[in-house]
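Below you'll find the structure, written out as structure tokens, and then a few comments.
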Amino acid sequence: MPAIRLPDGSTRRFEEPVTGAALAAAIGPGLARAAVAMTVSGKLVDLSSVIDADSDVRFVTRDDPEALALIRHDAAHVLAEAVQSLYPGTQVTIGPAIENGFYYDFAREPPFSPEDFPPIEEKMRAIVAAKEPFDREVWEREKAIRFFEEKGEKYKAEIIRDLPESETITLYRQGGWVDLCRGPHMRTTGDVGTAFKLMRTAGAYWRGDHRNPMLSRIYGTAWRNQKELEAYLVMLAEAERRDHRRLGREMDLFHLQDEAVGSVFWHPLGWRLYRTVESYMRRRLDAAGYQEVRTPQLVDRSLWEKSGHWEKFGAHMFTAQVEDEDRTLALKPMNCPCHVQIFTQRVRSYRELPLRLAEFGSCHRYEPSGALHGIMRVRAFTQDDAHIFCTEEQIGAETIRFMALLSTIYRDLGFPEFAVKFADRPPVRAGADETWDRAEAALREACAEAGVTYVLNPGEGAFYGPKLEFVLKDAIGREWQCGTLQVDFVLPERLDAEYVAEDGRWRRPVMLHRAILGSFERFLGILIEQYAGRLPLWLAPLQAAVATIVSDADAYAAEVGRACAEAGLNVEVDSRNEKINAKVRDWSLRHVPAMLVVGRREAEAGTVALRRLGAAEQEVLPMAEAIARLAAEATPPDLRRSGPQTSACA
């Protein structure tokens, strides 16, 4: 007689085991119509699942957050049925739900193209309209293998062979079509709804191995209703408009090429933007009591082995063999072991703690070519890295201090709000459980002291300690995890870092790993997309253009340009023999924030027509007033707060 506890606190008792569908019907016809799945003691399962023991049960409707993953998973099955119906002989492989959608990999020649989407979508809508039930079946392993082999589905047969012997083999049938799947699924294909769209195709190696056959992947998106789908498509269009790769070309900031895969060629304007952000960060760190250091890029393998990074990250390191010394050097993928080397070079006293060492460290990591994405996912990058060596008692105060610094930096850069995630111990990690208990307790206590509200991100901590992850939300609602704060008891132990405590004994410091931007390259890509290229004046690498209306104003335009430069503004003078409308269009396409337009009248009066990017109007001002106004805007926020400055340069 299972006792079933419901979210409202009530309990239902049944004489025999009961399915979720029967339970929902017993509660009421409205719930029976709305429920598409349920959680039983926290596990998401089909409504056809049998509840045969005392359990906590919660029903999931299409309005619940969990429903999105179910809709997308079921949509992948509907896609696969539609494809095999329209293109006999196509083999199905895997088709998971992913963020914002789903995909399915097919073995087919020729591969699919977007031209195939209309008939596939039409067939998918027909399958949804048929409301075919998802029926779960448990099969004997060898029978399932034979079933798929006889259908010519060698990939499904291979998946089953590779499953652990303890795995229950489950197939789901929807009408006359059947697929290998663990589930869960909703009640019928009708629960998928029609708010889906096929998006693009791609090639994908079977099981991600380049030695295996290339499959044809179809990506789709699916939502609970048409309104959500349309909002997502609008967001994608806006993301395309903001794409940092396109804007980087238009603004002449950087480029990438095959001869240096995963590395950025910074152009003069792009490097000026980079240096502006770097200079801003350096000033903020100096004011916050950090000491900047520089450590080698090539470090002997032995240090990475001792720290544990070789075992964890060795496959992602670039190495060089020094034959005459018979040693292996690795380009550093992170800075932390090198900072410990600085700490351990002399006897340290408790009076020196907390010791804050910062580095804009040049790092390299091997990323598969398919994972690279503009300047946001590269192989050569610079971390705004720092490590705070402190006592356990100082963790809380340092967390409060760090949070204050991080908050003002994000606000200055245009991100006034951010979310915090607490990532606890991962399955594969360094250090004993007792050490992790201490580290996690210390970080939770520090969060309480700092007043930090967080959500749990289970199992996503660093391999040496738990961490806080700081997640920004951009102008179109996308989330970007940038900053981190990690509590590490392990690395100081592995690399033998010690200090002399107040009682004269040797003790291990705690190591706080922290970053704010994450990597300069990625953050600059985020920044470009956040502002859609229209960077605030203090960040803009080219802050203004002085443009002539007639050639008679060339000399005056040069004078205005010199005055701007003396005020610390980055400007260009445009004296081309072009109409002013063409010049305005050209500088607008380059996303230059301001134009100072001059003609005969302005030259005679000593004025300029100040025109802002995207504005139809212009304002005629005395030259000195216009320049002073722009110079004030071009002063970085931290320098504005600290009082009058002699230059607007970062």
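Naming works like this for the structure tokens: A, B, ... for the chains as they're shown, residue 1 at the start of each chain, ligands 1 onward in shown order.
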
So which residues touch A:Ala439 within 8 Å, counting only C-alpha atoms, skipping near sequence neighbours fewer than 6 positions away, as an NGL selection string?
:A and (465-466 or 487-489)

Residues from the last selection, N, CA and C atoms, saved as a short mmCIF file (atom, residue, chain, number, x, y, z; two decimals), in the first residue's frame:
data_model
loop_
_atom_site.label_atom_id
_atom_site.label_comp_id
_atom_site.auth_asym_id
_atom_site.auth_seq_id
_atom_site.Cartn_x
_atom_site.Cartn_y
_atom_site.Cartn_z
N GLY A 465 39.20 22.51 -5.66
CA GLY A 465 38.42 23.21 -4.66
C GLY A 465 37.09 23.72 -5.17
N PRO A 466 36.16 24.02 -4.26
CA PRO A 466 34.87 24.58 -4.65
C PRO A 466 35.04 26.01 -5.14
N VAL A 487 38.21 28.36 -3.53
CA VAL A 487 38.92 28.12 -2.27
C VAL A 487 39.72 26.83 -2.40
N ASP A 488 41.05 26.94 -2.20
CA ASP A 488 41.93 25.80 -2.49
C ASP A 488 42.83 25.50 -1.29
N PHE A 489 42.60 24.33 -0.70
CA PHE A 489 43.49 23.82 0.34
C PHE A 489 44.51 22.83 -0.23
#

Applying 8 Å and only C-alpha atoms, which residues near A:Thr344 remain after dropping the ones on its own chain fewer than 2 positions away? List them as a CSV table (one decimal) with N, CA and C atoms, in the first residue's frame.
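The result, stored in part_2.csv:
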chain,number,residue,atom,x,y,z
A,340,VAL,N,52.5,30.1,-6.9
A,340,VAL,CA,53.0,29.4,-5.7
A,340,VAL,C,54.5,29.4,-5.7
A,341,GLN,N,55.2,29.3,-6.8
A,341,GLN,CA,56.6,29.4,-6.9
A,341,GLN,C,57.1,30.7,-6.3
A,342,ILE,N,56.4,31.8,-6.7
A,342,ILE,CA,56.8,33.1,-6.1
A,342,ILE,C,56.6,33.1,-4.6
A,346,ARG,N,60.9,32.5,-0.6
A,346,ARG,CA,61.5,33.0,0.7
A,346,ARG,C,60.6,32.7,1.8
A,347,VAL,N,61.1,32.8,3.0
A,347,VAL,CA,60.2,32.6,4.2
A,347,VAL,C,59.2,33.6,4.3
A,348,ARG,N,57.9,33.2,4.5
A,348,ARG,CA,56.8,34.1,4.6
A,348,ARG,C,56.3,34.1,6.0
A,496,ASP,N,53.9,22.6,-1.5
A,496,ASP,CA,54.7,22.8,-0.2
A,496,ASP,C,54.8,24.3,0.1
A,497,ALA,N,53.7,25.0,0.0
A,497,ALA,CA,53.7,26.4,0.4
A,497,ALA,C,53.4,26.5,1.9
A,498,GLU,N,54.2,27.3,2.6
A,498,GLU,CA,54.1,27.5,4.0
A,498,GLU,C,54.4,28.9,4.4

Residues within 10 Å of stretch 628-640 of chain A, only C-alpha atoms, excluding chain neighbours under 5 positions, as a tab-separated table (two decimals) with N, CA and C atoms, in the first residue's frame:
chain	number	residue	atom	x	y	z
A	276	THR	N	42.99	49.51	-23.33
A	276	THR	CA	42.11	50.34	-22.50
A	276	THR	C	41.55	49.52	-21.34
A	277	VAL	N	41.06	48.31	-21.66
A	277	VAL	CA	40.51	47.44	-20.62
A	277	VAL	C	41.62	46.97	-19.68
A	279	SER	N	44.45	48.49	-18.96
A	279	SER	CA	44.88	49.60	-18.11
A	279	SER	C	43.87	49.87	-17.01
A	280	TYR	N	42.60	49.81	-17.36
A	280	TYR	CA	41.54	49.98	-16.36
A	280	TYR	C	41.67	48.91	-15.27
A	281	MET	N	41.80	47.65	-15.69
A	281	MET	CA	41.92	46.57	-14.72
A	281	MET	C	43.17	46.72	-13.86
A	283	ARG	N	44.70	49.48	-12.98
A	283	ARG	CA	44.48	50.53	-11.98
A	283	ARG	C	43.60	50.03	-10.84
A	284	ARG	N	42.55	49.27	-11.19
A	284	ARG	CA	41.65	48.76	-10.16
A	284	ARG	C	42.38	47.79	-9.23
A	408	THR	N	31.88	46.53	-8.75
A	408	THR	CA	32.08	47.84	-9.37
A	408	THR	C	32.70	47.71	-10.75
A	409	ILE	N	33.55	46.71	-10.97
A	409	ILE	CA	34.13	46.51	-12.30
A	409	ILE	C	33.05	46.13	-13.30
A	411	ARG	N	29.91	46.77	-13.09
A	411	ARG	CA	29.04	47.92	-13.29
A	411	ARG	C	29.69	48.93	-14.24
A	412	ASP	N	30.97	49.19	-14.05
A	412	ASP	CA	31.69	50.12	-14.93
A	412	ASP	C	31.66	49.66	-16.38
A	413	LEU	N	31.72	48.34	-16.58
A	413	LEU	CA	31.79	47.80	-17.94
A	413	LEU	C	30.42	47.56	-18.56
A	536	PRO	N	30.77	52.50	-25.24
A	536	PRO	CA	30.80	53.83	-24.61
A	536	PRO	C	32.11	54.54	-24.94
A	537	LEU	N	32.07	55.85	-24.87
A	537	LEU	CA	33.19	56.64	-25.37
A	537	LEU	C	34.52	56.26	-24.71
A	538	TRP	N	34.49	55.92	-23.43
A	538	TRP	CA	35.76	55.64	-22.75
A	538	TRP	C	36.37	54.32	-23.20
A	539	LEU	N	35.54	53.43	-23.74
A	539	LEU	CA	36.05	52.16	-24.24
A	539	LEU	C	36.34	52.18	-25.74
A	540	ALA	N	35.67	53.05	-26.47
A	540	ALA	CA	35.79	53.04	-27.92
A	540	ALA	C	37.23	53.27	-28.36
A	543	GLN	N	37.38	57.27	-30.88
A	543	GLN	CA	36.31	57.95	-30.15
A	543	GLN	C	35.56	58.98	-30.97
A	544	ALA	N	36.21	59.55	-31.96
A	544	ALA	CA	35.55	60.57	-32.77
A	544	ALA	C	36.23	60.68	-34.13
A	564	CYS	N	41.67	67.78	-30.18
A	564	CYS	CA	41.11	66.55	-29.62
A	564	CYS	C	42.22	65.65	-29.07
A	565	ALA	N	43.28	65.48	-29.84
A	565	ALA	CA	44.39	64.63	-29.41
A	565	ALA	C	45.03	65.18	-28.14
A	567	ALA	N	43.54	66.74	-25.85
A	567	ALA	CA	42.62	66.46	-24.76
A	567	ALA	C	42.57	64.98	-24.41
A	568	GLY	N	43.37	64.17	-25.12
A	568	GLY	CA	43.43	62.74	-24.83
A	568	GLY	C	42.46	61.90	-25.61
A	569	LEU	N	41.81	62.47	-26.62
A	569	LEU	CA	40.85	61.71	-27.42
A	569	LEU	C	41.54	61.03	-28.59
A	570	ASN	N	41.07	59.84	-28.93
A	570	ASN	CA	41.54	59.13	-30.11
A	570	ASN	C	40.64	59.50	-31.28
A	593	PRO	N	31.70	56.56	-32.08
A	593	PRO	CA	30.63	57.16	-31.26
A	593	PRO	C	30.26	58.60	-31.61
A	594	ALA	N	31.23	59.40	-32.09
A	594	ALA	CA	30.93	60.81	-32.31
A	594	ALA	C	31.60	61.31	-33.58
A	610	LEU	N	28.44	68.69	-33.56
A	610	LEU	CA	28.65	67.41	-32.86
A	610	LEU	C	27.49	66.48	-33.18
A	623	MET	N	34.19	74.87	-30.41
A	623	MET	CA	35.10	73.73	-30.47
A	623	MET	C	35.55	73.29	-29.08
A	645	GLN	N	41.24	64.74	-13.96
A	645	GLN	CA	42.41	64.12	-14.55
A	645	GLN	C	42.96	65.03	-15.64
A	646	THR	N	44.23	64.89	-15.90
A	646	THR	CA	44.87	65.70	-16.93
A	646	THR	C	44.65	65.13	-18.32
A	647	SER	N	44.26	63.83	-18.39
A	647	SER	CA	44.08	63.20	-19.70
A	647	SER	C	42.94	62.23	-19.64
A	648	ALA	N	42.27	62.09	-20.75
A	648	ALA	CA	41.19	61.11	-20.84
A	648	ALA	C	41.68	59.75	-21.25
A	649	CYS	N	42.97	59.61	-21.55
A	649	CYS	CA	43.50	58.31	-21.99
A	649	CYS	C	43.42	57.30	-20.87
A	650	ALA	N	43.14	56.05	-21.23
A	650	ALA	CA	43.10	54.97	-20.23
A	650	ALA	C	44.50	54.58	-19.86

Tell me, as an mmCIF file with C-alpha atoms, in the first residue's frame, which residues lie within 10 Å of A:Asp74, counting only C-alpha atoms; anything in the same chain fewer than 2 positions away does not count.
data_model
loop_
_atom_site.group_PDB
_atom_site.id
_atom_site.type_symbol
_atom_site.label_atom_id
_atom_site.label_comp_id
_atom_site.auth_asym_id
_atom_site.auth_seq_id
_atom_site.Cartn_x
_atom_site.Cartn_y
_atom_site.Cartn_z
ATOM 1 C CA LEU A 68 11.263 22.321 -21.914
ATOM 2 C CA ALA A 69 13.828 19.512 -21.778
ATOM 3 C CA LEU A 70 11.047 16.944 -22.261
ATOM 4 C CA ILE A 71 9.566 18.841 -25.212
ATOM 5 C CA ARG A 72 12.982 19.042 -26.872
ATOM 6 C CA ALA A 76 14.194 14.881 -31.426
ATOM 7 C CA HIS A 77 12.292 11.576 -31.615
ATOM 8 C CA VAL A 78 9.620 13.165 -33.798
ATOM 9 C CA LEU A 79 12.377 14.510 -36.082
ATOM 10 C CA ALA A 80 13.970 11.069 -36.373
ATOM 11 C CA GLY A 95 19.430 12.735 -30.600
ATOM 12 C CA PRO A 96 19.582 14.578 -27.261
ATOM 13 C CA ALA A 97 17.945 17.714 -25.957
ATOM 14 C CA PHE A 102 17.766 19.486 -29.772
ATOM 15 C CA PHE A 134 5.189 7.106 -26.198
ATOM 16 C CA GLY A 183 13.527 8.272 -21.418
ATOM 17 C CA PRO A 184 11.603 9.781 -19.849
ATOM 18 C CA HIS A 185 9.047 10.999 -22.387
ATOM 19 C CA MET A 186 5.761 12.847 -22.238
ATOM 20 C CA ARG A 187 2.454 11.081 -22.891
ATOM 21 C CA THR A 188 2.197 11.437 -26.683
ATOM 22 C CA THR A 189 3.809 13.165 -29.635
ATOM 23 C CA GLY A 190 0.978 15.692 -29.343
ATOM 24 C CA ASP A 191 2.589 17.049 -26.162
ATOM 25 C CA VAL A 192 5.500 18.328 -28.251
ATOM 26 C CA ALA A 222 11.501 23.759 -29.563
#

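Across the structure, atom CA of A:Ala532 and atom CA of A:Arg242 are spaced 4.7 Å apart.
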
Could you check the closest approach to A:Thr391 for each of A:Arg33, A:Arg508, A:His513, A:Arg13 and tell me which residue wins, using only C-alpha atoms?
A:Arg508

Distance table requested - stretch 307-397 of chain A against stretch 206-216 of chain A, cut-off 12 Å, only C-alpha atoms: one row per qualifying residue with the closest atom pair and its distance in Å to one decimal, ordered by chain and rising residue number, as JSON lines.
{"residue": "A:Pro368", "atom": "CA", "partner": "A:Gly208", "partner_atom": "CA", "distance": 10.6}
{"residue": "A:Ser369", "atom": "CA", "partner": "A:His210", "partner_atom": "CA", "distance": 11.6}
{"residue": "A:Gly370", "atom": "CA", "partner": "A:Gly208", "partner_atom": "CA", "distance": 10.4}
{"residue": "A:Ala371", "atom": "CA", "partner": "A:Gly208", "partner_atom": "CA", "distance": 11.8}

Enumerate the residues of stretch 295-421 of chain A with a DSSP assignment of helix (DSSP H, G or I), computed from the backbone, and present them as a PyMOL selection string.
chain A and resi 301-307+309-316+323-325+336-343+350-352+369-371+392-412

Long-range neighbours of A:Gly518 as a PDB file with C-alpha atoms, in the first residue's frame, 6 Å cut-off, only C-alpha atoms, 6 positions minimum in chain:
ATOM      1  CA  GLN A 383      43.676  35.548 -18.015  1.00  0.00           C
ATOM      2  CA  CYS A 482      33.060  35.093 -16.389  1.00  0.00           C
ATOM      3  CA  GLY A 483      34.457  35.597 -12.897  1.00  0.00           C
TER       4      GLY A 483
END

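Between A:Thr435 and the residues A:Val83, A:Cys363, A:Leu491, A:Asp162, the shortest atom-to-atom distance, using only C-alpha atoms, involves A:Leu491.
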
DSSP says strand (DSSP E or B) for which residues of stretch 87-191 of chain A? Put them as JSON, numbers by chain?
{"A": [91, 92, 97, 98, 101, 102, 103, 104, 105, 106, 107, 133, 134, 135, 136, 137, 138, 139, 169, 170, 171, 172, 173, 174, 177, 178, 179, 180, 188]}

May I have the residues within 10 Å of A:Arg282 as a ChimeraX atom specification, using only C-alpha atoms and disregarding those fewer than 6 positions away in the same chain?
/A:276,288,290-292,358-360,384

Using C-alpha atoms, can you write the selected residues to a file as a PDB file, in the first residue's frame?
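Saved the output as part-v3.pdb:
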ATOM      1  CA  THR A 276      42.114  50.338 -22.496  1.00  0.00           C
ATOM      2  CA  ALA A 288      42.796  47.068  -4.312  1.00  0.00           C
ATOM      3  CA  TYR A 290      47.243  43.481  -5.563  1.00  0.00           C
ATOM      4  CA  GLN A 291      50.882  43.110  -6.577  1.00  0.00           C
ATOM      5  CA  GLU A 292      51.354  42.366 -10.251  1.00  0.00           C
ATOM      6  CA  ALA A 358      47.922  39.284  -9.870  1.00  0.00           C
ATOM      7  CA  GLU A 359      48.987  38.507 -13.423  1.00  0.00           C
ATOM      8  CA  PHE A 360      47.642  39.184 -16.877  1.00  0.00           C
ATOM      9  CA  ASP A 384      43.061  38.393 -15.576  1.00  0.00           C
TER      10      ASP A 384
END

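Atom pair atom CA of A:Arg275 / atom CA of A:Leu542 has a distance of 12.9 Å (rounded to one decimal).
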
Considering only C-alpha atoms, state which residue in the set A:Leu229, A:Ala563, A:Ala144, A:Leu512 is at the smallest distance from A:Tyr464.
A:Leu512
